[in-house]
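K.L.:
Sharing upload.txt here; it has compact mmCIF, C-alpha atoms.
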# COMPACT_ATOMS: atom_id res chain seq x y z
CA MET A 2 84.59 104.90 113.08
CA THR A 3 86.67 102.09 114.56
CA SER A 4 88.06 101.43 118.01
CA ALA A 5 89.58 98.65 120.18
CA GLU A 6 92.46 97.16 118.16
CA PRO A 7 95.20 99.13 116.36
CA VAL A 8 94.33 99.57 112.69
CA SER A 9 97.21 98.89 110.32
CA GLN A 10 97.19 100.32 106.79
CA ALA A 11 96.20 96.93 105.35
CA LYS A 12 93.26 96.64 107.75
CA ARG A 13 92.24 100.26 107.06
CA ASP A 14 92.25 99.59 103.31
CA LYS A 15 90.12 96.46 103.75
CA ILE A 16 87.51 98.24 105.89
CA GLU A 17 87.29 101.14 103.45
CA ARG A 18 86.89 98.74 100.50
CA THR A 19 84.22 96.73 102.30
CA PHE A 20 82.06 99.64 103.43
CA GLY A 21 82.93 102.24 100.81
CA ALA A 22 83.64 104.79 103.52
CA ARG A 23 86.60 106.62 105.05
CA VAL A 24 87.86 105.16 108.32
CA THR A 25 88.39 107.34 111.37
CA ASP A 26 90.14 105.40 114.11
CA ASN A 27 89.70 106.06 117.84
CA PHE A 28 91.62 104.99 120.91
CA GLY A 29 90.49 104.01 124.37
CA MET A 30 90.72 101.32 127.01
CA THR A 31 88.44 99.79 129.62
CA GLU A 32 90.68 100.96 132.47
CA ALA A 33 90.33 104.61 131.44
CA GLY A 34 87.73 105.38 128.80
CA MET A 35 87.70 106.86 125.30
CA MET A 36 91.03 108.67 125.20
CA GLY A 37 91.46 110.17 121.77
CA SER A 38 90.86 110.13 118.04
CA GLU A 39 92.56 110.66 114.70
CA ASP A 40 92.51 114.09 113.14
CA VAL A 41 94.61 112.98 110.16
CA PRO A 42 94.14 109.35 109.07
CA GLY A 43 97.13 107.17 109.85
CA LEU A 44 99.16 109.73 111.83
CA GLY A 45 98.03 108.55 115.26
CA PHE A 46 95.63 109.66 117.97
CA ARG A 47 95.21 113.07 119.53
CA ILE A 48 94.98 112.24 123.24
CA TRP A 49 92.59 114.35 125.28
CA SER A 50 95.19 115.39 127.82
CA ASP A 51 92.67 117.41 129.84
CA LEU A 52 91.05 114.07 130.74
CA TYR A 53 94.05 111.70 130.72
CA PHE A 54 97.64 112.09 131.89
CA ILE A 55 99.86 109.95 129.69
CA GLU A 56 103.52 108.95 129.84
CA VAL A 57 105.61 107.14 127.24
CA LEU A 58 108.45 105.25 128.93
CA ASP A 59 111.43 103.23 127.79
CA PRO A 60 110.23 99.59 128.11
CA LYS A 61 113.41 98.49 129.91
CA SER A 62 114.52 101.43 132.07
CA LEU A 63 111.03 102.94 132.54
CA GLU A 64 112.59 106.36 132.08
CA PRO A 65 110.71 108.83 129.86
CA ALA A 66 111.21 108.04 126.18
CA LYS A 67 112.32 110.84 123.89
CA GLU A 68 109.82 112.34 121.50
CA GLY A 69 109.54 110.07 118.46
CA GLU A 70 111.09 107.04 120.20
CA VAL A 71 109.04 103.88 120.74
CA GLY A 72 107.99 103.41 124.36
CA THR A 73 105.34 101.77 126.50
CA LEU A 74 102.20 103.79 127.21
CA VAL A 75 101.29 104.56 130.84
CA VAL A 76 97.93 106.19 131.58
CA THR A 77 96.34 107.93 134.54
CA ALA A 78 92.71 108.90 134.06
CA LEU A 79 91.92 112.33 135.51
CA GLN A 80 88.23 111.53 135.09
CA THR A 81 86.74 108.07 134.82
CA ASN A 82 83.45 106.22 135.22
CA ASN A 83 85.23 103.29 136.89
CA VAL A 84 84.70 102.68 140.60
CA THR A 85 88.40 101.80 140.91
CA PRO A 86 90.82 104.51 139.74
CA PHE A 87 93.84 103.30 137.78
CA LEU A 88 97.03 105.21 138.56
CA ARG A 89 99.89 104.93 136.07
CA TRP A 90 98.25 102.01 134.28
CA SER A 91 100.68 100.28 131.91
CA SER A 92 98.46 99.46 128.96
CA GLY A 93 100.95 97.30 127.05
CA ASP A 94 100.70 99.55 123.98
CA LEU A 95 103.97 100.40 122.25
CA VAL A 96 103.72 103.91 120.84
CA THR A 97 105.61 107.00 119.79
CA TYR A 98 104.75 110.39 121.32
CA SER A 99 104.76 113.88 119.87
CA GLU A 100 103.82 117.14 121.53
CA ALA A 101 101.06 119.43 120.36
CA ASP A 102 102.12 120.97 117.04
CA ASP A 103 101.85 124.25 115.19
CA GLY A 104 98.22 125.05 115.89
CA LYS A 105 96.64 123.85 112.65
CA GLY A 106 93.18 122.48 113.34
CA PRO A 107 91.07 122.43 116.51
CA PHE A 108 92.78 119.33 117.93
CA SER A 109 96.36 120.50 117.51
CA VAL A 110 96.49 121.57 121.18
CA PHE A 111 96.57 117.88 122.15
CA PRO A 112 99.63 115.59 121.99
CA ARG A 113 99.63 112.66 119.59
CA VAL A 114 100.51 109.01 120.12
CA LYS A 115 100.96 106.53 117.30
CA HIS A 116 101.03 102.77 117.68
CA ALA A 117 104.28 101.19 116.62
CA HIS A 118 102.23 98.19 115.36
CA ARG A 119 104.35 95.76 117.28
CA THR A 120 102.56 92.95 118.98
CA ALA A 121 103.33 90.28 121.53
CA GLY A 122 100.78 88.04 119.80
CA PHE A 123 102.45 85.33 117.76
CA PHE A 124 102.50 81.63 116.98
CA LYS A 125 105.76 79.73 117.25
CA ILE A 126 105.46 76.98 114.66
CA ARG A 127 108.39 74.73 113.75
CA GLY A 128 110.77 77.26 115.23
CA VAL A 129 109.31 80.21 113.31
CA ASN A 130 107.78 83.16 115.19
CA LEU A 131 104.71 84.15 113.18
CA GLY A 132 103.38 87.54 114.30
CA HIS A 133 99.60 87.82 114.32
CA GLN A 134 99.64 91.38 112.99
CA ASP A 135 102.04 90.43 110.18
CA LEU A 136 99.84 87.53 109.10
CA GLU A 137 96.66 89.61 109.30
CA ASP A 138 98.17 92.34 107.13
CA PHE A 139 99.36 89.71 104.65
CA VAL A 140 95.88 88.19 104.31
CA PHE A 141 94.03 91.49 104.05
CA ARG A 142 96.25 92.56 101.15
CA HIS A 143 94.66 89.76 99.09
CA LEU A 144 91.39 91.22 97.85
CA GLU A 145 90.01 87.79 96.92
CA ILE A 146 89.74 86.84 100.62
CA GLY A 147 86.69 88.05 102.52
CA ASP A 148 87.68 86.87 106.00
CA PHE A 149 90.03 84.42 107.69
CA ARG A 150 91.06 82.60 110.84
CA ALA A 151 94.52 81.22 111.64
CA GLU A 152 94.97 78.12 113.79
CA ALA A 153 98.06 76.48 115.25
CA LEU A 154 97.61 72.69 115.39
CA ASN A 155 99.63 69.65 116.30
CA GLU A 156 99.31 66.69 113.96
CA GLY A 157 101.37 63.77 115.19
CA ASP A 158 104.73 65.24 116.11
CA ASN A 159 104.45 68.24 113.79
CA ASP A 160 103.10 71.73 114.43
CA VAL A 161 100.91 72.98 111.60
CA LEU A 162 99.55 76.37 110.55
CA ARG A 163 95.99 76.10 109.25
CA LEU A 164 94.64 79.13 107.42
CA CYS A 165 90.85 79.11 107.09
CA ILE A 166 89.66 81.57 104.45
CA GLU A 167 86.39 82.74 102.97
CA VAL A 168 86.68 83.41 99.25
CA LYS A 169 84.74 86.12 97.47
CA LYS A 170 82.26 85.20 94.73
CA GLY A 171 83.66 84.75 91.25
CA VAL A 172 87.14 83.72 92.44
CA GLU A 173 88.49 80.31 91.40
CA GLN A 174 89.03 78.71 94.78
CA GLN A 175 91.66 76.07 94.06
CA ALA A 176 93.89 78.52 92.20
CA LEU A 177 93.64 80.94 95.12
CA VAL A 178 94.43 78.19 97.65
CA LYS A 179 97.61 77.31 95.76
CA LEU A 180 98.58 80.97 95.47
CA ILE A 181 98.04 81.71 99.17
CA ALA A 182 99.91 78.58 100.26
CA ALA A 183 102.87 79.52 98.07
CA LYS A 184 102.87 83.15 99.23
CA VAL A 185 102.71 82.20 102.92
CA LYS A 186 105.65 79.84 102.48
CA GLU A 187 107.59 82.50 100.59
CA THR A 188 106.82 85.26 103.12
CA PHE A 189 106.89 83.42 106.45
CA GLU A 190 108.88 80.25 105.61
CA LEU A 191 105.97 78.04 106.68
CA ALA A 192 103.89 75.74 104.47
CA PRO A 193 100.28 76.16 105.65
CA GLN A 194 97.16 74.09 105.28
CA VAL A 195 94.70 76.38 103.48
CA VAL A 196 91.03 75.54 104.01
CA VAL A 197 88.13 77.27 102.24
CA LEU A 198 85.06 77.96 104.40
CA GLU A 199 81.55 78.83 103.30
CA THR A 200 80.99 82.58 103.23
CA GLY A 201 79.54 83.81 106.53
CA THR A 202 80.93 80.97 108.65
CA LEU A 203 83.44 83.11 110.52
CA ALA A 204 81.03 86.00 111.05
CA LYS A 205 78.62 83.66 112.86
CA GLU A 206 81.43 82.30 115.05
CA PHE A 207 82.80 85.74 115.85
CA GLU A 208 79.36 87.07 116.79
CA ALA A 209 78.73 84.09 119.07
CA ASN A 210 82.02 84.71 120.90
CA VAL A 211 81.59 88.51 121.23
CA LYS A 212 85.26 89.13 120.37
CA ALA A 213 86.75 87.75 117.19
CA ALA A 214 88.98 84.75 117.90
CA ARG A 215 90.92 85.23 114.70
CA PHE A 216 94.06 83.48 116.02
CA VAL A 217 93.51 80.19 117.84
CA ASP A 218 96.14 77.90 119.33
CA ARG A 219 94.66 74.38 119.38
CA ARG A 220 97.84 72.59 120.47
CA GLY A 221 96.56 72.16 124.04
Here is a file; write its structure as structure tokens.
P.N.:
Amino acid sequence: MTSAEPVSQAKRDKIERTFGARVTDNFGMTEAGMMGSEDVPGLGFRIWSDLYFIEVLDPKSLEPAKEGEVGTLVVTALQTNNVTPFLRWSSGDLVTYSEADDGKGPFSVFPRVKHAHRTAGFFKIRGVNLGHQDLEDFVFRHLEIGDFRAEALNEGDNDVLRLCIEVKKGVEQQALVKLIAAKVKETFELAPQVVVLETGTLAKEFEANVKAARFVDRRG
């Protein structure tokens, strides 16, 4: 079971390969609580509407978005363990909304929201907007890579993308470095520095920092 960050198909595939188990994703937020869960993998979250009142609004007009249209998620917790109640909390999530469906399954009485997998997180490097989610999906599709971190650096007068990767055992590292560098340039129109780290390096850093700093801007 996963929670916290939206799980793209590439990330879901990686987790299932790593642990040999089926992923069930869940959705919640600090300002409310655990709000819902998948009933069908990849289709979105059934929101427990008896505990949370949700709205999906047009990001510009803030009028209600139509069913199936991408909008910003606004949440009011009807029950919460927070001392401070949050009323119409704009979570920043971009989602689509669908009403409860035809009654198949015990959770069909609840509406469903699905992340649009858009993100405001990106690096702008040499005039190119590099979305964090896009880069993460790209890396996780390469089975030879165990883990990674992306860094934006400034060397002299040039911005640089450094991709730090951990390579699985039995993989020829230099060949993989050349392949990844070429694929990044082909996909994102940026020539990266690809650095191989010892296996386990990133796990130690992530554990020490509580939350994984997978994208780091070091340009000051």
K.L.:
With all atoms of region 98-111 of chain A from the file as input, state the centre and edge lengths in Å to one decimal of the axis-aligned box that has 8 Å extra on each side, as lines of an AutoDock Vina configuration file.
P.N.:
center_x = 97.9
center_y = 117.7
center_z = 117.4
size_x = 29.7
size_y = 30.7
size_z = 25.5
K.L.:
With a distance cut-off of 10 Å and all atoms listed in the file, select the neighbouring residues of Leu52 (chain A), excluding the residue or stretch itself and same-chain residues fewer than 5 positions from it, and output the selection as a list in words.
P.N.:
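Final neighbour list, sorted by chain and number: Ala33, Gly34, Met35, Met36, Gly37, Thr77, Ala78, Leu79, Gln80 and Thr81 of chain A.
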K.L.:
Between CA of Leu198 (chain A) and CA of Asn130 (chain A), measure the distance and give it in Å to one decimal.
P.N.:
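These atoms are spaced 25.7 Å apart.
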K.L.:
With only C-alpha atoms as the atoms that count, which of A:Met2, A:Arg13, A:Glu208, A:Leu88 lies nearest to Phe141 (chain A)?
P.N.:
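Of all the options, A:Arg13 lies closest to Phe141 (chain A).
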K.L.:
For Lys125 (chain A), please output as a PyMOL selection string all residues within 12 Å (counting all atoms listed in the file; exclusion window: fewer than 3 positions along the same chain).
P.N.:
chain A and resi 121-122+128-133+152-155+160-162+189+191+218+220
K.L.:
Identify which of the residues A:Arg18, A:Lys12, A:Arg89, A:Arg113 lies closest to Leu44 (chain A), counting only C-alpha atoms when measuring atom-to-atom distances.
P.N.:
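With only C-alpha atoms as the atom set, the closest residue is A:Arg113.
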K.L.:
Please report the interatomic distance between CA of Trp90 (chain A) and CA of Thr3 (chain A) in Å with one decimal.
P.N.:
22.9 Å
K.L.:
Taking into account only C-alpha atoms, which residue in the set A:Leu180, A:Val185, A:Asp148, A:Arg142 is nearest to Cys165 (chain A)?
P.N.:
A:Asp148
K.L.:
Extract, using only C-alpha atoms, all DNA, RNA and protein residues at most 12 Å from region 61-63 of chain A, discarding same-chain residues fewer than 2 positions from it, and format them as an MDAnalysis selection string.
P.N.:
chainID A and resid 56:59 65:67 71:75 89 91
K.L.:
For the atom pair CA of Val178 (chain A) and CA of Val195 (chain A), what is the interatomic distance in Å to one decimal place?
P.N.:
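It comes out at 6.1 Å.
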K.L.:
From the options A:Ile48, A:Val197, A:Ala182, A:Ala11, which residue's atoms come nearest to Ser109 (chain A), counting all atoms listed in the file?
P.N.:
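Smallest separation from Ser109 (chain A) among the options: A:Ile48.
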K.L.:
Show me, as a VMD selection string, the residues that have an atom within 6 Å of Gly45 (chain A) when counting only C-alpha atoms, minus same-chain residues fewer than 2 positions from it.
P.N.:
chain A and resid 39 43 114 to 115
K.L.:
Now that the selection is made, can you save its residues with C-alpha atoms as an mmCIF file, in the frame of the given file?
P.N.:
data_model
loop_
_atom_site.group_PDB
_atom_site.id
_atom_site.type_symbol
_atom_site.label_atom_id
_atom_site.label_comp_id
_atom_site.auth_asym_id
_atom_site.auth_seq_id
_atom_site.Cartn_x
_atom_site.Cartn_y
_atom_site.Cartn_z
ATOM 1 C CA GLU A 39 92.560 110.660 114.700
ATOM 2 C CA GLY A 43 97.130 107.170 109.850
ATOM 3 C CA VAL A 114 100.510 109.010 120.120
ATOM 4 C CA LYS A 115 100.960 106.530 117.300
#
K.L.:
Pick out the closest residue to Gly106 (chain A) from this set: A:Asp14, A:Asp158, A:Asp40, A:Glu206. Count only C-alpha atoms.
P.N.:
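Among A:Asp14, A:Asp158, A:Asp40, A:Glu206, it is A:Asp40 that comes nearest to Gly106 (chain A).
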K.L.:
Using only C-alpha atoms, determine which residues lie at most 12 Å from Ala204 (chain A), disregarding the query and same-chain residues fewer than 2 positions distant; provide the list as a list in words.
P.N.:
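Selected residues are Gly147, Asp148, Phe149, Arg150, Ile166, Glu167, Leu198, Glu199, Thr200, Gly201, Thr202, Glu206, Phe207, Glu208, Ala209, Asn210, Val211, Lys212, Ala213, Ala214 and Arg215 of chain A.
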